[in-house]
Number of protein chains: 2
Amino acid sequence: MKEGPDIALIGSLIGDPARANMLTALMGGQALTPTELAAHAGITLQTASSHLAKLEAGGLLTQRKQGRHRYYALSEDEVGLMLESLMGFAASRGLTRHRPGPKDPALRKARVCYNHLAGDYGVRLLDSLVAARQIEMMGDDLALTDAGRVRVEALGIDYAMLQKSRRPICRTCLDWSERRSHLAGSLGEALLTLFIDKGWARREKDSRAVRFSDEGEKAFLDLFPL
Amino acid sequence: MKEGPDIALIGSLIGDPARANMLTALMGGQALTPTELAAHAGITLQTASSHLAKLEAGGLLTQRKQGRHRYYALSEDEVGLMLESLMGFAASRGLTRHRPGPKDPALRKARVCYNHLAGDYGVRLLDSLVAARQIEMMGDDLALTDAGRVRVEALGIDYAMLQKSRRPICRTCLDWSERRSHLAGSLGEALLTLFIDKGWARREKDSRAVRFSDEGEKAFLDLFPL
DNA sequence: TTCATACTTCGATCGTAATCGAAGCATCCG
DNA sequence: CGGATGCTTCGATTACGATCGAAGTATGAA
C-alpha cells in the first residue's frame with residue numbers, strides 16, 4: 001500500500017516554526033552557532049539544542065566543532081534546493097512572514113541562497129553565461145563548456161579545485177522571487193565568493209540580502225551582459 | 001528580523017503522516033474522494049475530512065463537488081513539483097516507507113507524477129525530444145520549437161488547446177528515482193493521456209506505477225529514441 | 001416521502017512534542 | 001588550578017493537534 005519516500009518526517013522537521021526560522025537563517029549560507037540560531041528563532045538555548053539535534057538526525061544539518069563553538073550548516077546543496085522550492089510555493093500562496101518593507105526589493109535584487117547568488121542578479125548571471133555559450137543546459141545538469149572553463153579561469157577561479165570536489169560544478173536552483181533558474185553548485189559558490197573577495201558585494205548582516213557597491217555593480221553588469 | 005516566505009505552515013501540513021499519505025496518493029494524478037483518501041491514510045472519514053479542510057485552506061488541494069461525491073486533487077502543478085522535490089531528498093536519505101519489493105522496479109521504470117510521466121521512461125521522453133531539437137532548454141523554462149510543434153500535432157495533440165491554458169506548456173520536473181528532469185506541464189499531461197488513450201500504457205490500480213503493454217513499449221521506444 | 005450514502009461539524013479524549021529551569025560536560029583563558 | 005563560556009541532557013510542565021464517536025447536513029435513490 002505505502003509506496004515512495006517518506007516525506008512526513010522531512011515535513012514535520014520543517015513544520016515547526018522554530019526550526020523553520022533556523023533553517024531560513026541558515027539559508028543565508030553562513031554556519032551559525034546554537035546561540036545565534038536560538039536568537040533567530042526566539043527560543044532558549046536548551047530548546048534550540050534539542051531542535052538542532054533533530055535536524056541533524058534527519059540529515060538536514062551538519063555540525064562542525066571548533067573550540068567551544070559548534071557551527072551548524074545545511075548538510076548539502078540539495079537541502080537548500082528543497083527549501084527554496086518550499087519557499088517558492090509558500091511565496092506564491094502569499095504566505096510571507098514579514099510585512100513588505102524596504103528590505104524586500106533588496107532581497108529580490110540579490111541575495112544569498114545557501115552558498116550562491118540568487119535573485120535578479122543570480123538569474124542574470126546564469127542567463128549571461130548560457131547566452132555566451134559558456135554553460136550548456138543538459139537536463140537539469142548544467143555543463144561548463146570549454147569556453148566556459150577558460151572564462152572561469154580568467155576570472156581567477158581555480159578550475160582544478162572545483163573538479164576535485166564530489167559536488168556538481170554547475171547545477172540549477174529555482175529562484176522563488178524570479179521563478180527562474182539561477183546558478184548553484186561549486187561554481188556558483190566560487191563566483192559569489194569571488195564577488196565578495198573583490199569587494200564588489202557584501203552580505204547584509206542578519207539578512208540574506210547581498211549589497212553591491214556602485215563600482216561592483218558596474219563591474220558585474222559589465223562582465224555578465226544579457 | 002523575519003524574512004522570506006513562511007515554510008513552517010507548508011511543512012507542518014506535509015509533516016503529518018496521515019496527510020503525507022493522502023498527498024502521496026494524490027500524486028497518482030487522479031482526483032480522489034475523502035472516503036478513498038481515508039483508506040489510503042488508514043484513518044476514519046471524520047479525521048480525513050478535517051485533514052482535507054486544512055490542506056485545502058493551505059492551498060495544496062482543491063475540491064470539486066460532483067453529486068454527493070467530493071473529489072480532491074492537488075491544486076496546481078507546482079504542488080506536485082514541490083512534493084517531488086521533497087521525495088527526492090527523502091529518497092536520498094534512504095527514508096522509504098516500504099520494504100523494497102517487486103513493485104519498486106516498476107515504479108522506477110514508469111510512473112505517474114501528478115499528471116505526467118516520470119521514472120526512466122519520463123526522463124527518456126524529455127531527453128529524446130531535446131536531442132531531436134523539438135524542445136529547447138532555456139533556464140528551467142522549456143520551449144517547444146517549431147519542429148516540436150509539428151511533431152506534437154502529428155501525434156494527434158491539439159496544440160491550440162495547449163496554448164489556451166494559462167499553465168506553461170512545457171516545464172521540467174525533477175525525478176526522485178532518476179535524479180534527472182522529466183517533462184511536466186500541459187504537454188507532459190497531454191502526452192501521458194495520449195499513451196493511455198492509445199492503449200500503450202495503463203495505470204496500475206492503487207499505485208503510481210504505469211505499465212506499458214509489449215506493443216505500447218515498442219511504439220514508445222520507437223517514437224522516442226535516444 | 002423515506003431511506004441511504006457521502007460527508008462535515010461538534011465535543012471529548014489522549015499522546016506527543018515544544019518549552020524551559022536546573023544540572024552536567026566540555027573547552028578555553030588567566 | 002579556578003572561573004567563565006558554550007552547549008547538552010534531564011525532568012516536569014504545558015499546549016496543541018490528531019483521533020474518533022455522535023450528531024448534523026446535503027444529495028441521490030426508491
# chains A, B, ... in the order shown; residues from 1 in each chain; ligands from 1
$ residues_around --residues "DA17 in chain C" --least-positions-apart "4" --cutoff "12 Å" --atoms "only C-alpha atoms (C1' of nucleotides)" --output "number ranges by chain"
A: 12-13, 16, 47, 50-51, 54; D: 14-17
$ write_last_selection --atoms "all heavy atoms" --output "tab-separated table (two decimals), in the first residue's frame"
chain	number	residue	atom	x	y	z
A	12	SER	N	7.64	17.30	8.87
A	12	SER	CA	7.44	17.65	10.27
A	12	SER	C	8.67	18.38	10.81
A	12	SER	O	8.54	19.25	11.68
A	12	SER	CB	7.15	16.41	11.10
A	12	SER	OG	8.29	15.58	11.17
A	13	LEU	N	9.84	18.04	10.29
A	13	LEU	CA	11.04	18.76	10.72
A	13	LEU	C	10.97	20.22	10.31
A	13	LEU	O	11.30	21.13	11.08
A	13	LEU	CB	12.30	18.12	10.12
A	13	LEU	CG	12.74	16.81	10.78
A	13	LEU	CD1	13.90	16.18	10.03
A	13	LEU	CD2	13.12	17.04	12.22
A	16	ASP	N	7.88	22.81	12.19
A	16	ASP	CA	7.89	23.56	13.45
A	16	ASP	C	8.41	24.97	13.20
A	16	ASP	O	9.47	25.13	12.59
A	16	ASP	CB	8.76	22.83	14.47
A	16	ASP	CG	8.81	23.60	15.78
A	16	ASP	OD1	7.85	23.49	16.55
A	16	ASP	OD2	9.79	24.33	16.00
A	47	THR	N	16.16	24.69	24.17
A	47	THR	CA	15.20	24.28	23.14
A	47	THR	C	15.87	24.19	21.78
A	47	THR	O	15.67	23.22	21.03
A	47	THR	CB	14.04	25.27	23.09
A	47	THR	OG1	13.54	25.45	24.42
A	47	THR	CG2	12.94	24.76	22.22
A	50	SER	N	17.84	21.07	21.33
A	50	SER	CA	17.01	19.91	21.04
A	50	SER	C	16.58	19.89	19.57
A	50	SER	O	16.62	18.85	18.90
A	50	SER	CB	15.80	19.93	21.98
A	50	SER	OG	14.68	19.35	21.37
A	51	HIS	N	16.19	21.05	19.07
A	51	HIS	CA	15.78	21.13	17.67
A	51	HIS	C	16.93	20.79	16.74
A	51	HIS	O	16.76	20.07	15.75
A	51	HIS	CB	15.27	22.53	17.34
A	51	HIS	CG	13.91	22.81	17.87
A	51	HIS	ND1	12.85	21.96	17.67
A	51	HIS	CD2	13.42	23.84	18.59
A	51	HIS	CE1	11.77	22.46	18.25
A	51	HIS	NE2	12.10	23.61	18.82
A	54	LYS	N	17.57	17.19	16.34
A	54	LYS	CA	16.61	16.53	15.46
A	54	LYS	C	16.90	16.81	13.99
A	54	LYS	O	16.80	15.91	13.15
A	54	LYS	CB	15.19	16.99	15.80
A	54	LYS	CG	14.68	16.38	17.08
A	54	LYS	CD	13.36	16.98	17.52
A	54	LYS	CE	13.07	16.54	18.95
A	54	LYS	NZ	11.91	17.23	19.53
D	14	DT	P	1.86	23.61	34.33
D	14	DT	OP1	1.63	24.87	35.06
D	14	DT	OP2	1.06	22.40	34.65
D	14	DT	O5'	1.71	23.91	32.78
D	14	DT	C5'	2.81	24.52	32.08
D	14	DT	C4'	2.56	24.43	30.59
D	14	DT	O4'	3.03	23.15	30.09
D	14	DT	C3'	1.08	24.53	30.22
D	14	DT	O3'	0.93	25.57	29.28
D	14	DT	C2'	0.74	23.16	29.65
D	14	DT	C1'	2.09	22.67	29.16
D	14	DT	N1	2.27	21.20	29.10
D	14	DT	C2	2.79	20.64	27.97
D	14	DT	O2	3.11	21.29	26.99
D	14	DT	N3	2.94	19.27	28.01
D	14	DT	C4	2.61	18.44	29.07
D	14	DT	O4	2.78	17.23	29.00
D	14	DT	C5	2.07	19.10	30.23
D	14	DT	C7	1.68	18.29	31.41
D	14	DT	C6	1.93	20.43	30.20
D	15	DA	P	-0.49	26.15	28.93
D	15	DA	OP1	-0.46	27.60	29.25
D	15	DA	OP2	-1.53	25.28	29.51
D	15	DA	O5'	-0.49	25.99	27.35
D	15	DA	C5'	0.75	26.06	26.66
D	15	DA	C4'	0.60	25.38	25.31
D	15	DA	O4'	0.86	23.96	25.46
D	15	DA	C3'	-0.79	25.50	24.71
D	15	DA	O3'	-0.66	25.62	23.32
D	15	DA	C2'	-1.43	24.18	25.10
D	15	DA	C1'	-0.25	23.24	24.95
D	15	DA	N9	-0.35	22.00	25.70
D	15	DA	C8	-0.89	21.80	26.92
D	15	DA	N7	-0.84	20.56	27.35
D	15	DA	C5	-0.22	19.88	26.31
D	15	DA	C6	0.13	18.54	26.13
D	15	DA	N6	-0.10	17.60	27.05
D	15	DA	N1	0.75	18.21	24.97
D	15	DA	C2	0.98	19.17	24.07
D	15	DA	N3	0.71	20.46	24.12
D	15	DA	C4	0.10	20.76	25.28
D	16	DC	P	-1.72	26.34	22.43
D	16	DC	OP1	-1.39	27.76	22.33
D	16	DC	OP2	-3.04	25.91	22.95
D	16	DC	O5'	-1.50	25.66	21.02
D	16	DC	C5'	-0.23	25.10	20.70
D	16	DC	C4'	-0.42	23.73	20.10
D	16	DC	O4'	-0.63	22.74	21.14
D	16	DC	C3'	-1.64	23.62	19.17
D	16	DC	O3'	-1.22	23.08	17.95
D	16	DC	C2'	-2.59	22.69	19.93
D	16	DC	C1'	-1.60	21.83	20.69
D	16	DC	N1	-2.15	21.13	21.88
D	16	DC	C2	-1.86	19.77	22.07
D	16	DC	O2	-1.13	19.18	21.26
D	16	DC	N3	-2.37	19.12	23.16
D	16	DC	C4	-3.13	19.79	24.02
D	16	DC	N4	-3.60	19.12	25.07
D	16	DC	C5	-3.44	21.18	23.84
D	16	DC	C6	-2.94	21.80	22.77
D	17	DG	P	-2.10	23.35	16.63
D	17	DG	OP1	-1.37	24.27	15.76
D	17	DG	OP2	-3.49	23.68	17.06
D	17	DG	O5'	-2.12	21.92	15.94
D	17	DG	C5'	-1.07	21.01	16.19
D	17	DG	C4'	-1.61	19.59	16.23
D	17	DG	O4'	-2.10	19.29	17.55
D	17	DG	C3'	-2.78	19.34	15.29
D	17	DG	O3'	-2.68	18.01	14.83
D	17	DG	C2'	-3.97	19.48	16.22
D	17	DG	C1'	-3.42	18.77	17.43
D	17	DG	N9	-4.14	19.01	18.67
D	17	DG	C8	-4.76	20.17	19.07
D	17	DG	N7	-5.33	20.06	20.24
D	17	DG	C5	-5.07	18.76	20.63
D	17	DG	C6	-5.42	18.07	21.81
D	17	DG	O6	-6.08	18.47	22.77
D	17	DG	N1	-4.94	16.75	21.80
D	17	DG	C2	-4.20	16.19	20.79
D	17	DG	N2	-3.83	14.92	20.94
D	17	DG	N3	-3.86	16.83	19.68
D	17	DG	C4	-4.32	18.10	19.68
$ residues_around --residues "Met22 in chain B" --least-positions-apart "5" --cutoff "8 Å" --atoms "only C-alpha atoms (C1' of nucleotides)" --output "list in words"
Leu37, Ala38, His40 and Ala41 of chain B
$ write_last_selection --atoms "C-alpha atoms" --output "PDB file, in the first residue's frame"
ATOM      1  CA  LEU B  37      -8.198   9.065   0.907  1.00  0.00           C
ATOM      2  CA  ALA B  38      -9.158   7.980   4.411  1.00  0.00           C
ATOM      3  CA  HIS B  40      -5.095   5.340   1.960  1.00  0.00           C
ATOM      4  CA  ALA B  41      -4.154   7.072   5.180  1.00  0.00           C
TER       5      ALA B  41
END
$ interface_residues --of "chain B" --to "chain D" --cutoff "8 Å" --atoms "only C-alpha atoms (C1' of nucleotides)" --output "number ranges by chain"
B: 44, 46-47, 67-68
$ write_last_selection --atoms "C-alpha atoms" --output "mmCIF file, in the first residue's frame"
data_model
loop_
_atom_site.group_PDB
_atom_site.id
_atom_site.type_symbol
_atom_site.label_atom_id
_atom_site.label_comp_id
_atom_site.auth_asym_id
_atom_site.auth_seq_id
_atom_site.Cartn_x
_atom_site.Cartn_y
_atom_site.Cartn_z
ATOM 1 C CA THR B 44 -11.600 7.371 9.721
ATOM 2 C CA GLN B 46 -14.087 12.248 10.130
ATOM 3 C CA THR B 47 -10.362 12.638 10.633
ATOM 4 C CA GLY B 67 -23.265 14.806 -6.958
ATOM 5 C CA ARG B 68 -22.762 13.504 -3.473
#
$ residues_around --residues "range 83-93 of chain B" --least-positions-apart "4" --cutoff "10 Å" --atoms "only C-alpha atoms (C1' of nucleotides)" --output "ChimeraX atom specification"
/A:4-11,58-60,78-79,81-83,85-86 /B:14,20,23-24,27,78-79,97,113-114,173-179
$ write_last_selection --atoms "C-alpha atoms" --output "mmCIF file, in the first residue's frame"
data_model
loop_
_atom_site.group_PDB
_atom_site.id
_atom_site.type_symbol
_atom_site.label_atom_id
_atom_site.label_comp_id
_atom_site.auth_asym_id
_atom_site.auth_seq_id
_atom_site.Cartn_x
_atom_site.Cartn_y
_atom_site.Cartn_z
ATOM 1 C CA GLY A 4 7.550 6.025 -2.252
ATOM 2 C CA PRO A 5 9.779 8.031 0.054
ATOM 3 C CA ASP A 6 8.626 9.187 3.467
ATOM 4 C CA ILE A 7 8.019 12.897 3.191
ATOM 5 C CA ALA A 8 6.197 13.178 6.509
ATOM 6 C CA LEU A 9 9.387 13.106 8.556
ATOM 7 C CA ILE A 10 11.007 15.842 6.496
ATOM 8 C CA GLY A 11 7.820 17.840 6.513
ATOM 9 C CA GLY A 58 17.062 13.999 9.934
ATOM 10 C CA GLY A 59 20.029 14.767 7.703
ATOM 11 C CA LEU A 60 19.186 18.404 7.106
ATOM 12 C CA GLU A 78 20.166 19.574 -2.038
ATOM 13 C CA VAL A 79 18.715 20.735 1.274
ATOM 14 C CA LEU A 81 17.295 23.444 -3.186
ATOM 15 C CA MET A 82 14.459 21.702 -1.390
ATOM 16 C CA LEU A 83 13.900 24.624 0.980
ATOM 17 C CA SER A 85 11.313 25.017 -3.604
ATOM 18 C CA LEU A 86 9.136 25.170 -0.494
ATOM 19 C CA ILE B 14 3.072 17.820 4.900
ATOM 20 C CA ALA B 20 1.515 12.863 3.785
ATOM 21 C CA LEU B 23 -0.753 13.724 -0.684
ATOM 22 C CA THR B 24 1.313 10.791 -1.891
ATOM 23 C CA MET B 27 0.486 12.333 -6.622
ATOM 24 C CA GLU B 78 3.578 23.479 -8.566
ATOM 25 C CA VAL B 79 2.341 21.432 -5.623
ATOM 26 C CA ARG B 97 8.301 3.723 3.968
ATOM 27 C CA CYS B 113 3.892 12.173 -11.368
ATOM 28 C CA TYR B 114 0.684 14.053 -10.643
ATOM 29 C CA CYS B 173 10.135 18.266 -13.030
ATOM 30 C CA LEU B 174 12.907 16.645 -11.010
ATOM 31 C CA ASP B 175 12.656 12.872 -10.878
ATOM 32 C CA TRP B 176 13.367 11.322 -7.480
ATOM 33 C CA SER B 177 14.374 7.944 -8.831
ATOM 34 C CA GLU B 178 16.427 9.091 -11.804
ATOM 35 C CA ARG B 179 17.700 12.337 -10.308
#
$ closest_atom_pairs --of "chain C" --to "chain A" --cutoff "8 Å" --atoms "only C-alpha atoms (C1' of nucleotides)" --output "JSON lines"
{"residue": "C:DA18", "atom": "C1'", "partner": "A:Thr47", "partner_atom": "CA", "distance": 7.9}
{"residue": "C:DT19", "atom": "C1'", "partner": "A:Thr47", "partner_atom": "CA", "distance": 6.6}
{"residue": "C:DC20", "atom": "C1'", "partner": "A:Thr44", "partner_atom": "CA", "distance": 7.3}
{"residue": "C:DA26", "atom": "C1'", "partner": "A:Arg68", "partner_atom": "CA", "distance": 7.6}
{"residue": "C:DT27", "atom": "C1'", "partner": "A:Arg68", "partner_atom": "CA", "distance": 5.1}
{"residue": "C:DC28", "atom": "C1'", "partner": "A:Arg68", "partner_atom": "CA", "distance": 7.3}
$ residues_around --residues "range 124-138 of chain A" --least-positions-apart "3" --cutoff "7 Å" --atoms "only C-alpha atoms (C1' of nucleotides)" --output "count of residues only"
15
$ select_by_dssp --residues "range 3-182 of chain A" --states "strand (DSSP E or B)" --output "VMD selection string"
chain A and resid 5 32 61 to 66 69 to 74 96 111 to 113 116 to 118 135 to 138 141 to 144 171 to 174 181 to 182
$ atom_distance --atom1 "CA of Ala106 in chain A" --atom2 "CA of Ser213 in chain A"
12.8 Å
$ decode --residues "range 128-172 of chain B" --atoms "N, CA and C atoms" --output "mmCIF file, in the first residue's frame"
data_model
loop_
_atom_site.group_PDB
_atom_site.id
_atom_site.type_symbol
_atom_site.label_atom_id
_atom_site.label_comp_id
_atom_site.auth_asym_id
_atom_site.auth_seq_id
_atom_site.Cartn_x
_atom_site.Cartn_y
_atom_site.Cartn_z
ATOM 1 N N SER B 128 14.785 12.561 -25.356
ATOM 2 C CA SER B 128 14.617 12.302 -26.783
ATOM 3 C C SER B 128 14.124 13.557 -27.507
ATOM 4 N N LEU B 129 13.188 14.253 -26.892
ATOM 5 C CA LEU B 129 12.651 15.455 -27.527
ATOM 6 C C LEU B 129 13.714 16.552 -27.614
ATOM 7 N N VAL B 130 14.548 16.623 -26.604
ATOM 8 C CA VAL B 130 15.618 17.627 -26.622
ATOM 9 C C VAL B 130 16.662 17.262 -27.688
ATOM 10 N N ALA B 131 17.004 15.975 -27.746
ATOM 11 C CA ALA B 131 18.005 15.531 -28.706
ATOM 12 C C ALA B 131 17.531 15.802 -30.142
ATOM 13 N N ALA B 132 16.231 15.676 -30.350
ATOM 14 C CA ALA B 132 15.680 15.897 -31.688
ATOM 15 C C ALA B 132 15.416 17.386 -31.952
ATOM 16 N N ARG B 133 15.826 18.218 -31.006
ATOM 17 C CA ARG B 133 15.641 19.671 -31.112
ATOM 18 C C ARG B 133 14.172 20.042 -31.265
ATOM 19 N N GLN B 134 13.322 19.259 -30.639
ATOM 20 C CA GLN B 134 11.902 19.595 -30.664
ATOM 21 C C GLN B 134 11.518 20.354 -29.394
ATOM 22 N N ILE B 135 12.378 20.236 -28.399
ATOM 23 C CA ILE B 135 12.243 21.062 -27.202
ATOM 24 C C ILE B 135 13.599 21.691 -26.927
ATOM 25 N N GLU B 136 13.560 22.939 -26.504
ATOM 26 C CA GLU B 136 14.798 23.656 -26.218
ATOM 27 C C GLU B 136 14.821 24.006 -24.746
ATOM 28 N N MET B 137 15.989 23.856 -24.130
ATOM 29 C CA MET B 137 16.141 24.221 -22.719
ATOM 30 C C MET B 137 16.530 25.692 -22.624
ATOM 31 N N MET B 138 15.734 26.451 -21.869
ATOM 32 C CA MET B 138 16.095 27.844 -21.610
ATOM 33 C C MET B 138 15.825 28.114 -20.147
ATOM 34 N N GLY B 139 16.845 28.076 -19.359
ATOM 35 C CA GLY B 139 16.622 28.154 -17.924
ATOM 36 C C GLY B 139 15.854 26.910 -17.519
ATOM 37 N N ASP B 140 14.911 27.062 -16.639
ATOM 38 C CA ASP B 140 14.059 25.933 -16.316
ATOM 39 C C ASP B 140 12.830 25.908 -17.203
ATOM 40 N N ASP B 141 12.636 26.996 -17.935
ATOM 41 C CA ASP B 141 11.519 27.019 -18.856
ATOM 42 C C ASP B 141 11.924 26.302 -20.122
ATOM 43 N N LEU B 142 11.218 25.235 -20.411
ATOM 44 C CA LEU B 142 11.437 24.561 -21.672
ATOM 45 C C LEU B 142 10.613 25.278 -22.727
ATOM 46 N N ALA B 143 11.072 25.225 -23.973
ATOM 47 C CA ALA B 143 10.293 25.817 -25.048
ATOM 48 C C ALA B 143 10.160 24.815 -26.178
ATOM 49 N N LEU B 144 8.949 24.718 -26.698
ATOM 50 C CA LEU B 144 8.693 23.858 -27.840
ATOM 51 C C LEU B 144 9.188 24.590 -29.086
ATOM 52 N N THR B 145 10.014 23.946 -29.883
ATOM 53 C CA THR B 145 10.482 24.575 -31.113
ATOM 54 C C THR B 145 9.420 24.407 -32.193
ATOM 55 N N ASP B 146 9.646 25.023 -33.359
ATOM 56 C CA ASP B 146 8.704 24.860 -34.466
ATOM 57 C C ASP B 146 8.587 23.388 -34.834
ATOM 58 N N ALA B 147 9.759 22.748 -34.912
ATOM 59 C CA ALA B 147 9.762 21.314 -35.231
ATOM 60 C C ALA B 147 8.974 20.539 -34.177
ATOM 61 N N GLY B 148 9.091 20.968 -32.937
ATOM 62 C CA GLY B 148 8.380 20.300 -31.859
ATOM 63 C C GLY B 148 6.877 20.442 -32.003
ATOM 64 N N ARG B 149 6.446 21.631 -32.420
ATOM 65 C CA ARG B 149 5.021 21.856 -32.580
ATOM 66 C C ARG B 149 4.452 20.939 -33.665
ATOM 67 N N VAL B 150 5.187 20.851 -34.765
ATOM 68 C CA VAL B 150 4.779 19.966 -35.856
ATOM 69 C C VAL B 150 4.691 18.527 -35.361
ATOM 70 N N ARG B 151 5.719 18.119 -34.639
ATOM 71 C CA ARG B 151 5.785 16.749 -34.143
ATOM 72 C C ARG B 151 4.592 16.431 -33.242
ATOM 73 N N VAL B 152 4.302 17.380 -32.346
ATOM 74 C CA VAL B 152 3.240 17.190 -31.369
ATOM 75 C C VAL B 152 1.881 17.072 -32.063
ATOM 76 N N GLU B 153 1.695 17.911 -33.074
ATOM 77 C CA GLU B 153 0.428 17.850 -33.800
ATOM 78 C C GLU B 153 0.310 16.561 -34.598
ATOM 79 N N ALA B 154 1.442 16.091 -35.122
ATOM 80 C CA ALA B 154 1.445 14.825 -35.867
ATOM 81 C C ALA B 154 1.031 13.676 -34.951
ATOM 82 N N LEU B 155 1.322 13.805 -33.666
ATOM 83 C CA LEU B 155 0.948 12.764 -32.710
ATOM 84 C C LEU B 155 -0.539 12.825 -32.385
ATOM 85 N N GLY B 156 -1.183 13.885 -32.857
ATOM 86 C CA GLY B 156 -2.623 13.986 -32.624
ATOM 87 C C GLY B 156 -2.975 14.827 -31.410
ATOM 88 N N ILE B 157 -2.033 15.653 -30.970
ATOM 89 C CA ILE B 157 -2.322 16.522 -29.826
ATOM 90 C C ILE B 157 -2.722 17.889 -30.346
ATOM 91 N N ASP B 158 -3.760 18.454 -29.758
ATOM 92 C CA ASP B 158 -4.287 19.743 -30.207
ATOM 93 C C ASP B 158 -3.451 20.867 -29.594
ATOM 94 N N TYR B 159 -2.512 21.369 -30.392
ATOM 95 C CA TYR B 159 -1.578 22.368 -29.874
ATOM 96 C C TYR B 159 -2.303 23.653 -29.471
ATOM 97 N N ALA B 160 -3.304 24.012 -30.230
ATOM 98 C CA ALA B 160 -4.042 25.249 -29.940
ATOM 99 C C ALA B 160 -4.671 25.166 -28.548
ATOM 100 N N MET B 161 -5.182 23.973 -28.218
ATOM 101 C CA MET B 161 -5.770 23.765 -26.895
ATOM 102 C C MET B 161 -4.736 24.007 -25.801
ATOM 103 N N LEU B 162 -3.539 23.457 -26.007
ATOM 104 C CA LEU B 162 -2.480 23.613 -25.007
ATOM 105 C C LEU B 162 -2.188 25.088 -24.781
ATOM 106 N N GLN B 163 -2.168 25.836 -25.868
ATOM 107 C CA GLN B 163 -1.821 27.248 -25.783
ATOM 108 C C GLN B 163 -2.850 28.047 -25.000
ATOM 109 N N LYS B 164 -4.092 27.596 -25.065
ATOM 110 C CA LYS B 164 -5.158 28.366 -24.430
ATOM 111 C C LYS B 164 -4.976 28.425 -22.920
ATOM 112 N N SER B 165 -4.525 27.301 -22.352
ATOM 113 C CA SER B 165 -4.403 27.245 -20.895
ATOM 114 C C SER B 165 -3.356 28.248 -20.411
ATOM 115 N N ARG B 166 -3.543 28.721 -19.201
ATOM 116 C CA ARG B 166 -2.593 29.673 -18.645
ATOM 117 C C ARG B 166 -1.352 28.966 -18.086
ATOM 118 N N ARG B 167 -1.419 27.638 -17.980
ATOM 119 C CA ARG B 167 -0.271 26.873 -17.474
ATOM 120 C C ARG B 167 0.822 26.834 -18.535
ATOM 121 N N PRO B 168 2.077 26.703 -18.105
ATOM 122 C CA PRO B 168 3.154 26.537 -19.090
ATOM 123 C C PRO B 168 2.950 25.231 -19.851
ATOM 124 N N ILE B 169 3.283 25.245 -21.135
ATOM 125 C CA ILE B 169 3.133 24.046 -21.947
ATOM 126 C C ILE B 169 4.173 22.999 -21.572
ATOM 127 N N CYS B 170 5.414 23.455 -21.462
ATOM 128 C CA CYS B 170 6.482 22.552 -21.054
ATOM 129 C C CYS B 170 7.133 23.083 -19.780
ATOM 130 N N ARG B 171 7.439 22.197 -18.869
ATOM 131 C CA ARG B 171 8.317 22.582 -17.772
ATOM 132 C C ARG B 171 9.025 21.337 -17.256
ATOM 133 N N THR B 172 10.118 21.568 -16.546
ATOM 134 C CA THR B 172 10.857 20.423 -16.036
ATOM 135 C C THR B 172 10.311 20.028 -14.683
#
